[in-house]
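To keep things clear, I will list the structure first and then write my remarks on it.
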Amino acid sequence: MPPDPSADQARAAIQAALGQIGFCLPGSITIRHARCGKPRCACAADPPSLHGPYIQWTRTVNGKTVTRLLTPAQYHAYAPWIANARRLRALTAELEALSLAEMARAENWDKITPGTLAPARTKLVRVPKQPITPKTPGDQPA
Ligand SMILES: [Zn+2]
C-alpha cells in the first residue's frame, strides 16, 4: 500500500528538519549556587551569600552520572549543541508516532498503541551575568 500523501509529507518535513541538526551533545546544563561548608564564610551567614553561579554540564558516561563545570564562553558555545540533541529526540519521537499511525492505516488496524515517549533530559537555563571560574576542571562524580 502506498503511503498516505499527508503522512508522507509529514515524514519528509521531519527528515528535512533532521538534516538541519548540527552537533548534538548528551546531558543537560544547570546553573547552581553552593555553600562551601566553612562555618565563617559568607555562604553560611543568614541570609547566606552563596558561591557561584557554577555552570554544570551533567551527563551519563558508562552508566554513571558525571558533571563538568563550564565557563560562560563554553556555555555559549555548546548549549546550542545540547538543544540540538533535545530537538533530535523530539523529531525521532515524532517520526516514530507518525510511522505507527501510518502502519495502523496501511494495515487497516483500528488502533495501535504508541510506545511511551522518553522523558526530556535536556534542560537549558539562562546564562549567569557574572563571570565565574571553575574550581575543579574536568569530570567529577555528581
Ligand atoms: Zn563559602
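We label chains A, B, ... in the order they appear in the C-alpha cells, count residues from 1 in each chain, and number ligands from 1 in the order shown.
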May I have the residues within 12 Å of ligand 1, computed using only C-alpha atoms and all ligand atoms, as a PDB file with N, CA, C and O atoms, in the first residue's frame?
```pdb
ATOM      1  N   HIS A  33      24.183  27.545  42.669  1.00  0.00           N
ATOM      2  CA  HIS A  33      24.917  28.285  43.689  1.00  0.00           C
ATOM      3  C   HIS A  33      25.167  27.306  44.826  1.00  0.00           C
ATOM      4  O   HIS A  33      24.371  26.399  45.029  1.00  0.00           O
ATOM      5  N   ALA A  34      26.268  27.489  45.543  1.00  0.00           N
ATOM      6  CA  ALA A  34      26.621  26.466  46.525  1.00  0.00           C
ATOM      7  C   ALA A  34      27.190  27.055  47.808  1.00  0.00           C
ATOM      8  O   ALA A  34      27.659  28.190  47.840  1.00  0.00           O
ATOM      9  N   ARG A  35      27.137  26.246  48.874  1.00  0.00           N
ATOM     10  CA  ARG A  35      27.811  26.545  50.143  1.00  0.00           C
ATOM     11  C   ARG A  35      29.123  25.774  50.159  1.00  0.00           C
ATOM     12  O   ARG A  35      29.182  24.639  49.695  1.00  0.00           O
ATOM     13  N   CYS A  36      30.164  26.406  50.731  1.00  0.00           N
ATOM     14  CA  CYS A  36      31.447  25.714  50.770  1.00  0.00           C
ATOM     15  C   CYS A  36      31.600  24.888  52.043  1.00  0.00           C
ATOM     16  O   CYS A  36      32.445  23.996  52.105  1.00  0.00           O
ATOM     17  N   GLY A  37      30.816  25.195  53.062  1.00  0.00           N
ATOM     18  CA  GLY A  37      30.893  24.412  54.285  1.00  0.00           C
ATOM     19  C   GLY A  37      31.721  25.036  55.381  1.00  0.00           C
ATOM     20  O   GLY A  37      31.693  24.586  56.523  1.00  0.00           O
ATOM     21  N   LYS A  38      32.484  26.094  55.046  1.00  0.00           N
ATOM     22  CA  LYS A  38      33.262  26.763  56.087  1.00  0.00           C
ATOM     23  C   LYS A  38      32.303  27.567  56.961  1.00  0.00           C
ATOM     24  O   LYS A  38      31.536  28.379  56.446  1.00  0.00           O
ATOM     25  N   PRO A  39      32.400  27.372  58.283  1.00  0.00           N
ATOM     26  CA  PRO A  39      31.384  27.987  59.163  1.00  0.00           C
ATOM     27  C   PRO A  39      31.409  29.518  59.162  1.00  0.00           C
ATOM     28  O   PRO A  39      30.379  30.141  59.383  1.00  0.00           O
ATOM     29  N   ARG A  40      32.590  30.139  58.904  1.00  0.00           N
ATOM     30  CA  ARG A  40      32.660  31.598  58.998  1.00  0.00           C
ATOM     31  C   ARG A  40      32.547  32.270  57.628  1.00  0.00           C
ATOM     32  O   ARG A  40      32.733  33.472  57.511  1.00  0.00           O
ATOM     33  N   CYS A  41      32.260  31.513  56.600  1.00  0.00           N
ATOM     34  CA  CYS A  41      32.135  32.069  55.250  1.00  0.00           C
ATOM     35  C   CYS A  41      30.787  32.772  55.099  1.00  0.00           C
ATOM     36  O   CYS A  41      29.831  32.491  55.816  1.00  0.00           O
ATOM     37  N   ALA A  42      30.747  33.715  54.163  1.00  0.00           N
ATOM     38  CA  ALA A  42      29.507  34.449  53.901  1.00  0.00           C
ATOM     39  C   ALA A  42      28.387  33.519  53.451  1.00  0.00           C
ATOM     40  O   ALA A  42      27.210  33.835  53.616  1.00  0.00           O
ATOM     41  N   CYS A  43      28.770  32.369  52.918  1.00  0.00           N
ATOM     42  CA  CYS A  43      27.731  31.447  52.436  1.00  0.00           C
ATOM     43  C   CYS A  43      27.022  30.765  53.594  1.00  0.00           C
ATOM     44  O   CYS A  43      25.965  30.164  53.403  1.00  0.00           O
ATOM     45  N   ALA A  44      27.600  30.874  54.800  1.00  0.00           N
ATOM     46  CA  ALA A  44      26.960  30.275  55.968  1.00  0.00           C
ATOM     47  C   ALA A  44      26.175  31.309  56.767  1.00  0.00           C
ATOM     48  O   ALA A  44      25.545  30.977  57.758  1.00  0.00           O
ATOM     49  N   ALA A  45      26.236  32.579  56.336  1.00  0.00           N
ATOM     50  CA  ALA A  45      25.552  33.647  57.055  1.00  0.00           C
ATOM     51  C   ALA A  45      24.043  33.568  56.859  1.00  0.00           C
ATOM     52  O   ALA A  45      23.553  32.785  56.055  1.00  0.00           O
ATOM     53  N   PRO A  48      22.261  33.873  53.620  1.00  0.00           N
ATOM     54  CA  PRO A  48      23.522  33.414  53.030  1.00  0.00           C
ATOM     55  C   PRO A  48      23.857  34.119  51.726  1.00  0.00           C
ATOM     56  O   PRO A  48      22.974  34.526  50.991  1.00  0.00           O
ATOM     57  N   SER A  49      25.153  34.289  51.488  1.00  0.00           N
ATOM     58  CA  SER A  49      25.631  34.766  50.198  1.00  0.00           C
ATOM     59  C   SER A  49      26.371  33.593  49.557  1.00  0.00           C
ATOM     60  O   SER A  49      27.524  33.327  49.875  1.00  0.00           O
ATOM     61  N   LEU A  50      25.678  32.914  48.686  1.00  0.00           N
ATOM     62  CA  LEU A  50      26.194  31.642  48.158  1.00  0.00           C
ATOM     63  C   LEU A  50      27.274  31.854  47.108  1.00  0.00           C
ATOM     64  O   LEU A  50      27.337  32.892  46.459  1.00  0.00           O
ATOM     65  N   HIS A  51      28.132  30.848  46.962  1.00  0.00           N
ATOM     66  CA  HIS A  51      29.168  30.856  45.931  1.00  0.00           C
ATOM     67  C   HIS A  51      28.553  30.543  44.571  1.00  0.00           C
ATOM     68  O   HIS A  51      27.545  29.874  44.481  1.00  0.00           O
ATOM     69  N   GLY A  52      29.223  30.978  43.554  1.00  0.00           N
ATOM     70  CA  GLY A  52      28.755  30.674  42.216  1.00  0.00           C
ATOM     71  C   GLY A  52      28.253  31.918  41.502  1.00  0.00           C
ATOM     72  O   GLY A  52      28.580  33.019  41.928  1.00  0.00           O
TER      73      GLY A  52
END
```
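You can rank A:Ala73, A:Leu95, A:Ile31, A:Ile14 by their closest distance to A:Pro53 using only C-alpha atoms, and at the top of that list sits A:Ile31.
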For this session: Just give me the gap between atom CA of A:Asn108 and atom CA of A:Ala93 in Å, one decimal is fine.
Result: 22.3 Å
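Between atom CA of A:Asp4 and atom CA of A:Leu18 the interatomic distance comes to 20.8 Å.
Closest approach to A:Trp57 from the set A:Ser99, A:Gln74, A:Asn84, A:Gln15 is made by A:Gln74, with distances taken over only C-alpha atoms.
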Exercise. In Å, how far is it from atom CA of A:Thr65 to atom CA of A:Ile29?
Worked result: 12.8 Å
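Across A:Ala13, A:Ala85, A:Leu70, A:Ala7, the tightest approach to A:Ile55 is made by A:Leu70 when counting only C-alpha atoms.
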